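Text of the file model18.cif, holding mmCIF, C-alpha atoms:
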data_protein
#
loop_
_atom_site.group_PDB
_atom_site.id
_atom_site.type_symbol
_atom_site.label_atom_id
_atom_site.label_comp_id
_atom_site.auth_asym_id
_atom_site.auth_seq_id
_atom_site.Cartn_x
_atom_site.Cartn_y
_atom_site.Cartn_z
ATOM 1 C CA MET A 1 26.219 -12.370 6.963
ATOM 2 C CA GLU A 2 24.078 -9.339 7.728
ATOM 3 C CA ILE A 3 20.461 -9.859 6.727
ATOM 4 C CA PRO A 4 19.027 -6.873 4.846
ATOM 5 C CA GLN A 5 15.604 -5.533 5.766
ATOM 6 C CA VAL A 6 15.000 -4.084 2.295
ATOM 7 C CA CYS A 7 16.169 -5.543 -1.007
ATOM 8 C CA HIS A 8 16.376 -3.591 -4.257
ATOM 9 C CA MET A 9 16.898 -4.481 -7.908
ATOM 10 C CA GLN A 10 17.406 -1.916 -10.642
ATOM 11 C CA ARG A 11 15.460 -2.046 -13.896
ATOM 12 C CA ALA A 12 13.310 -5.060 -13.031
ATOM 13 C CA LEU A 13 10.838 -3.777 -15.630
ATOM 14 C CA SER A 14 11.988 -2.331 -18.942
ATOM 15 C CA ASP A 15 10.507 0.801 -20.501
ATOM 16 C CA THR A 16 8.622 -1.436 -22.961
ATOM 17 C CA GLN A 17 7.131 -3.506 -20.117
ATOM 18 C CA ILE A 18 6.150 -0.353 -18.225
ATOM 19 C CA PHE A 19 4.493 1.033 -21.368
ATOM 20 C CA THR A 20 2.532 -2.228 -21.659
ATOM 21 C CA VAL A 21 1.403 -1.945 -18.021
ATOM 22 C CA LEU A 22 0.315 1.678 -18.501
ATOM 23 C CA GLU A 23 -1.688 0.757 -21.625
ATOM 24 C CA LYS A 24 -3.306 -2.442 -20.300
ATOM 25 C CA ILE A 25 -4.192 -0.928 -16.916
ATOM 26 C CA LYS A 26 -6.465 1.595 -18.680
ATOM 27 C CA LYS A 27 -9.057 -1.199 -19.093
ATOM 28 C CA ILE A 28 -9.343 -1.760 -15.328
ATOM 29 C CA PRO A 29 -11.726 0.450 -13.327
ATOM 30 C CA SER A 30 -10.215 2.701 -10.675
ATOM 31 C CA GLN A 31 -11.280 2.822 -7.046
ATOM 32 C CA ASP A 32 -10.281 4.886 -4.036
ATOM 33 C CA GLY A 33 -7.622 3.250 -1.898
ATOM 34 C CA SER A 34 -9.382 1.913 1.166
ATOM 35 C CA LEU A 35 -8.201 0.674 4.508
ATOM 36 C CA THR A 36 -9.349 -2.318 6.530
ATOM 37 C CA GLY A 37 -11.409 0.058 8.660
ATOM 38 C CA GLY A 38 -12.868 2.008 5.711
ATOM 39 C CA ASN A 39 -11.824 4.925 3.539
ATOM 40 C CA ASN A 40 -9.931 7.771 5.220
ATOM 41 C CA LYS A 41 -8.441 10.169 2.639
ATOM 42 C CA SER A 42 -6.586 12.124 5.306
ATOM 43 C CA TYR A 43 -4.623 8.928 6.018
ATOM 44 C CA ARG A 44 -4.486 7.291 2.558
ATOM 45 C CA SER A 45 -5.217 9.157 -0.653
ATOM 46 C CA VAL A 46 -4.511 7.090 -3.771
ATOM 47 C CA ASP A 47 -6.347 5.651 -6.777
ATOM 48 C CA VAL A 48 -6.138 1.847 -7.037
ATOM 49 C CA LYS A 49 -6.590 -0.497 -9.979
ATOM 50 C CA ALA A 50 -6.447 -4.092 -8.775
ATOM 51 C CA PHE A 51 -5.550 -7.024 -11.030
ATOM 52 C CA GLU A 52 -5.072 -10.723 -10.405
ATOM 53 C CA ALA A 53 -1.663 -12.363 -10.760
ATOM 54 C CA ASN A 54 -3.049 -14.539 -13.571
ATOM 55 C CA ASN A 55 -4.375 -11.587 -15.623
ATOM 56 C CA LYS A 56 -3.270 -12.689 -19.114
ATOM 57 C CA GLU A 57 -2.192 -9.198 -20.186
ATOM 58 C CA LEU A 58 -0.295 -8.390 -16.978
ATOM 59 C CA GLU A 59 0.833 -11.756 -15.630
ATOM 60 C CA PHE A 60 4.425 -10.947 -16.619
ATOM 61 C CA VAL A 61 4.419 -8.420 -13.740
ATOM 62 C CA ALA A 62 3.407 -11.089 -11.228
ATOM 63 C CA GLU A 63 6.089 -13.416 -12.622
ATOM 64 C CA ILE A 64 8.808 -10.769 -12.166
ATOM 65 C CA VAL A 65 7.592 -9.944 -8.653
ATOM 66 C CA SER A 66 7.345 -13.590 -7.658
ATOM 67 C CA SER A 67 10.780 -14.494 -9.028
ATOM 68 C CA PHE A 68 12.546 -11.536 -7.388
ATOM 69 C CA THR A 69 10.757 -11.923 -4.065
ATOM 70 C CA GLN A 70 11.223 -15.698 -3.899
ATOM 71 C CA THR A 71 14.957 -15.320 -4.608
ATOM 72 C CA VAL A 72 15.326 -12.707 -1.852
ATOM 73 C CA ASN A 73 13.238 -14.748 0.578
ATOM 74 C CA ASP A 74 15.234 -17.934 -0.081
ATOM 75 C CA LYS A 75 18.522 -16.091 0.432
ATOM 76 C CA TYR A 76 17.696 -13.984 3.491
ATOM 77 C CA TRP A 77 14.384 -14.441 5.277
ATOM 78 C CA ASN A 78 12.988 -17.943 4.689
ATOM 79 C CA PHE A 79 9.421 -16.866 5.403
ATOM 80 C CA ASP A 80 6.718 -19.435 4.701
ATOM 81 C CA ILE A 81 5.224 -17.963 1.519
ATOM 82 C CA LYS A 82 2.752 -19.635 -0.799
ATOM 83 C CA GLY A 83 2.172 -16.919 -3.405
ATOM 84 C CA PHE A 84 -0.302 -14.137 -4.111
ATOM 85 C CA ALA A 85 -3.393 -14.379 -1.902
ATOM 86 C CA GLU A 86 -4.856 -11.098 -3.161
ATOM 87 C CA PRO A 87 -4.706 -8.928 -6.288
ATOM 88 C CA LEU A 88 -1.739 -6.777 -7.193
ATOM 89 C CA GLN A 89 -2.478 -3.040 -7.066
ATOM 90 C CA PHE A 90 -1.567 -0.393 -9.628
ATOM 91 C CA LEU A 91 -1.394 2.823 -7.593
ATOM 92 C CA THR A 92 -1.736 6.417 -8.780
ATOM 93 C CA TYR A 93 -0.676 9.134 -6.360
ATOM 94 C CA LYS A 94 -1.786 12.541 -7.673
ATOM 95 C CA LYS A 95 -0.971 15.921 -6.107
ATOM 96 C CA GLY A 96 -1.685 15.536 -2.378
ATOM 97 C CA GLY A 97 -1.721 11.727 -2.658
ATOM 98 C CA LYS A 98 -0.114 9.955 0.290
ATOM 99 C CA TYR A 99 -0.275 7.006 2.656
ATOM 100 C CA ASP A 100 0.673 7.725 6.261
ATOM 101 C CA SER A 101 2.737 5.301 8.380
ATOM 102 C CA HIS A 102 1.387 1.762 8.310
ATOM 103 C CA MET A 103 2.280 -1.908 8.164
ATOM 104 C CA ASP A 104 0.910 -4.205 5.475
ATOM 105 C CA ILE A 105 -0.139 -6.900 7.917
ATOM 106 C CA ASN A 106 -3.860 -7.452 8.357
ATOM 107 C CA TRP A 107 -4.036 -8.028 12.101
ATOM 108 C CA GLU A 108 -7.400 -9.819 11.799
ATOM 109 C CA ASN A 109 -5.723 -12.570 9.767
ATOM 110 C CA LEU A 110 -3.048 -13.356 12.344
ATOM 111 C CA ASN A 111 -3.493 -16.768 13.946
ATOM 112 C CA SER A 112 -6.307 -17.601 11.549
ATOM 113 C CA LYS A 113 -6.668 -19.896 8.558
ATOM 114 C CA ARG A 114 -6.552 -16.881 6.216
ATOM 115 C CA PRO A 115 -3.248 -16.134 4.428
ATOM 116 C CA ASN A 116 -1.008 -13.534 6.059
ATOM 117 C CA ARG A 117 0.976 -10.974 4.106
ATOM 118 C CA LYS A 118 4.660 -11.777 4.526
ATOM 119 C CA ILE A 119 6.581 -9.749 1.926
ATOM 120 C CA THR A 120 5.625 -6.414 0.365
ATOM 121 C CA THR A 121 6.954 -5.649 -3.108
ATOM 122 C CA ILE A 122 6.822 -2.261 -4.844
ATOM 123 C CA ILE A 123 7.722 -1.437 -8.452
ATOM 124 C CA GLN A 124 8.368 2.177 -9.428
ATOM 125 C CA LEU A 125 6.692 3.038 -12.770
ATOM 126 C CA THR A 126 7.286 6.788 -13.077
ATOM 127 C CA ASP A 127 10.466 8.647 -13.977
ATOM 128 C CA ASP A 128 11.739 10.356 -10.836
ATOM 129 C CA ASP A 129 11.774 13.758 -12.548
ATOM 130 C CA LYS A 130 8.031 13.560 -13.375
ATOM 131 C CA TYR A 131 6.880 14.164 -9.802
ATOM 132 C CA TYR A 132 8.008 15.941 -6.653
ATOM 133 C CA GLY A 133 7.397 14.481 -3.188
ATOM 134 C CA GLY A 134 5.793 11.051 -2.994
ATOM 135 C CA ASP A 135 8.871 9.428 -1.454
ATOM 136 C CA LEU A 136 8.378 6.061 0.193
ATOM 137 C CA LYS A 137 10.211 5.638 3.503
ATOM 138 C CA ILE A 138 10.626 2.295 5.247
ATOM 139 C CA ASP A 139 11.386 2.417 8.984
ATOM 140 C CA VAL A 140 14.198 -0.090 9.312
ATOM 141 C CA ASP A 141 15.333 1.111 12.736
ATOM 142 C CA ASN A 142 15.739 4.438 14.493
ATOM 143 C CA LYS A 143 18.977 5.245 12.659
ATOM 144 C CA ASN A 144 18.791 3.675 9.214
ATOM 145 C CA ASP A 145 15.435 4.470 7.651
ATOM 146 C CA PHE A 146 15.380 3.575 3.984
ATOM 147 C CA PHE A 147 13.938 5.709 1.185
ATOM 148 C CA ILE A 148 13.192 3.522 -1.812
ATOM 149 C CA PRO A 149 14.970 4.476 -5.025
ATOM 150 C CA ARG A 150 12.842 6.538 -7.409
ATOM 151 C CA LYS A 151 14.215 5.090 -10.634
ATOM 152 C CA LYS A 152 11.617 3.942 -13.136
ATOM 153 C CA GLY A 153 11.499 0.147 -13.353
ATOM 154 C CA ASP A 154 13.184 -0.501 -9.991
ATOM 155 C CA ILE A 155 11.703 -3.016 -7.556
ATOM 156 C CA VAL A 156 12.049 -3.305 -3.787
ATOM 157 C CA CYS A 157 10.773 -5.845 -1.300
ATOM 158 C CA PHE A 158 10.661 -5.916 2.477
ATOM 159 C CA PRO A 159 8.913 -7.800 5.287
ATOM 160 C CA SER A 160 5.286 -6.662 5.467
ATOM 161 C CA PHE A 161 5.581 -5.968 9.199
ATOM 162 C CA LEU A 162 7.975 -3.029 8.637
ATOM 163 C CA LEU A 163 6.405 0.383 9.200
ATOM 164 C CA HIS A 164 6.440 2.510 6.042
ATOM 165 C CA LYS A 165 4.791 5.552 4.496
ATOM 166 C CA VAL A 166 4.362 7.460 1.238
ATOM 167 C CA PHE A 167 4.913 11.197 1.675
ATOM 168 C CA PRO A 168 2.467 13.552 -0.080
ATOM 169 C CA VAL A 169 3.030 14.168 -3.789
ATOM 170 C CA LYS A 170 3.662 17.898 -4.208
ATOM 171 C CA LYS A 171 3.686 18.040 -8.015
ATOM 172 C CA GLY A 172 3.062 15.577 -10.855
ATOM 173 C CA VAL A 173 1.837 11.980 -10.624
ATOM 174 C CA ARG A 174 3.532 8.881 -9.198
ATOM 175 C CA HIS A 175 2.570 5.397 -10.480
ATOM 176 C CA SER A 176 3.672 2.174 -8.823
ATOM 177 C CA ILE A 177 2.587 -1.418 -8.338
ATOM 178 C CA VAL A 178 2.348 -2.924 -4.875
ATOM 179 C CA SER A 179 1.841 -6.600 -4.124
ATOM 180 C CA TRP A 180 2.168 -9.025 -1.268
ATOM 181 C CA LEU A 181 3.359 -12.590 -1.114
ATOM 182 C CA SER A 182 1.469 -14.395 1.607
ATOM 183 C CA GLY A 183 1.597 -17.586 3.570
ATOM 184 C CA GLU A 184 0.150 -19.327 6.550
ATOM 185 C CA SER A 185 -0.119 -17.452 9.830
ATOM 186 C CA TRP A 186 3.056 -16.023 11.356
ATOM 187 C CA LYS A 187 4.570 -18.396 13.889
#
Show me the file's structure as structure tokens.
Amino acid sequence: MEIPQVCHMQRALSDTQIFTVLEKIKKIPSQDGSLTGGNNKSYRSVDVKAFEANNKELEFVAEIVSSFTQTVNDKYWNFDIKGFAEPLQFLTYKKGGKYDSHMDINWENLNSKRPNRKITTIIQLTDDDKYYGGDLKIDVDNKNDFFIPRKKGDIVCFPSFLLHKVFPVKKGVRHSIVSWLSGESWK
């Protein structure tokens, strides 16, 4: 059996669930997307609204993410994951918004007692005809790079050590949710 590097499920969130997210997220303050080394808008330009997995109004999102990701992990990767070690992030990429090539691993946490990101999960919240640009590319290998589907409600997950990027949004606004399931240090 070939082990996929990226897994995708269509319509993980319904239109009604997405509407609920968009309404409930209005209560959470926005912040600039920052990096471990600080804030560099030429590298990452996005508005972030962070929420905990146990947020009573949005916990259904964490449940969907956890169920999908755990199923994929059990079938293909068998990474040692314990759950969410940090908040989920509602992301808003406006015109010019982007995130250049990066991995979601925090190198300072490797070989430490702190949880390590193992699996990145992204949910698309915007209809693909509402924005231009903003594609997310995952570098699987030199021949088979993967552009995540742009369908509203779709979810993808992939190992957090894969290099990926969000291309600049040229027109409109792209909303998504990113989260990470973490576990003990990589072995």
*Measuring atom to atom with all atoms listed in the file, identify which of A:Val72, A:Gln89, A:Thr121, A:Val6 is nearest to Pro29 in chain A.*
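For Pro29 in chain A, the nearest of the given residues is A:Gln89.
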*Expected answer as a PyMOL selection string: all residues with atoms within 6 Å of (7.6, 9.5, -6.3), only C-alpha atoms*: chain A and resi 131+133-135+174
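Of the listed residues A:Ile148, A:Leu162, A:Cys157, A:Val61, the one whose atoms come nearest to Met103 in chain A is A:Leu162, with distances taken using all atoms listed in the file.
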*Which residues fall under the PyMOL selection byres ((chain A and resi 175) around 8) in this file, as an NGL selection string?*
:A and (90-93 or 124-126 or 173-174 or 176-177)
*Counting all atoms listed in the file, the residue of A:Asp145, A:Asp128, A:Glu184, A:Asp154 that sits nearest Leu13 in chain A*: A:Asp154
_One number please: CA of Asn54 in chain A to CA of Ile138 in chain A, in Å, one decimal._
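Going from CA of Asn54 in chain A over to CA of Ile138 in chain A, I get 28.7 Å.
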*Hey, which of A:Val46, A:Met9, A:Ile81, A:Ile25 ends up closest to Leu58 in chain A? Count only C-alpha atoms.*
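Closest to Leu58 in chain A of all the choices is A:Ile25.
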*Evaluate the PyMOL selection byres ((chain A and resi 5) around 7) and report residues as a PyMOL selection string*: chain A and resi 3-4+6-7+140+158
Dump of C-alpha atoms for the selected residues, as a PDB file, in the frame of the given file:
ATOM      1  CA  ILE A   3      20.461  -9.859   6.727  1.00  0.00           C
ATOM      2  CA  PRO A   4      19.027  -6.873   4.846  1.00  0.00           C
ATOM      3  CA  VAL A   6      15.000  -4.084   2.295  1.00  0.00           C
ATOM      4  CA  CYS A   7      16.169  -5.543  -1.007  1.00  0.00           C
ATOM      5  CA  VAL A 140      14.198  -0.090   9.312  1.00  0.00           C
ATOM      6  CA  PHE A 158      10.661  -5.916   2.477  1.00  0.00           C
TER       7      PHE A 158
END
*For the structure shown, which residues end up in the PyMOL selection byres ((chain A and resi 116) around 10)? Put them as a list in words, please?*
Asp80, Ile81, Lys82, Ala85, Asp104, Ile105, Asn106, Trp107, Glu108, Asn109, Leu110, Asn111, Ser112, Lys113, Arg114, Pro115, Arg117, Lys118, Ile119, Ser160, Trp180, Leu181, Ser182, Gly183, Glu184, Ser185 and Trp186 of chain A
_I need the residue nearest Ser66 in chain A from this list: A:Phe147, A:Ile155, A:Asp127, A:Asp100. Use all atoms listed in the file for the distance._
A:Ile155
_Could you check the closest approach to Phe68 in chain A for each of A:Leu136, A:Leu22, A:Ile122, A:Val166 and tell me which residue wins, using all atoms listed in the file?_
A:Ile122
*When you draw a straight line from CA of Leu163 in chain A to CA of Tyr43 in chain A, how long is it in Å?*
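Taking CA of Leu163 in chain A and CA of Tyr43 in chain A, their separation equals 14.3 Å.
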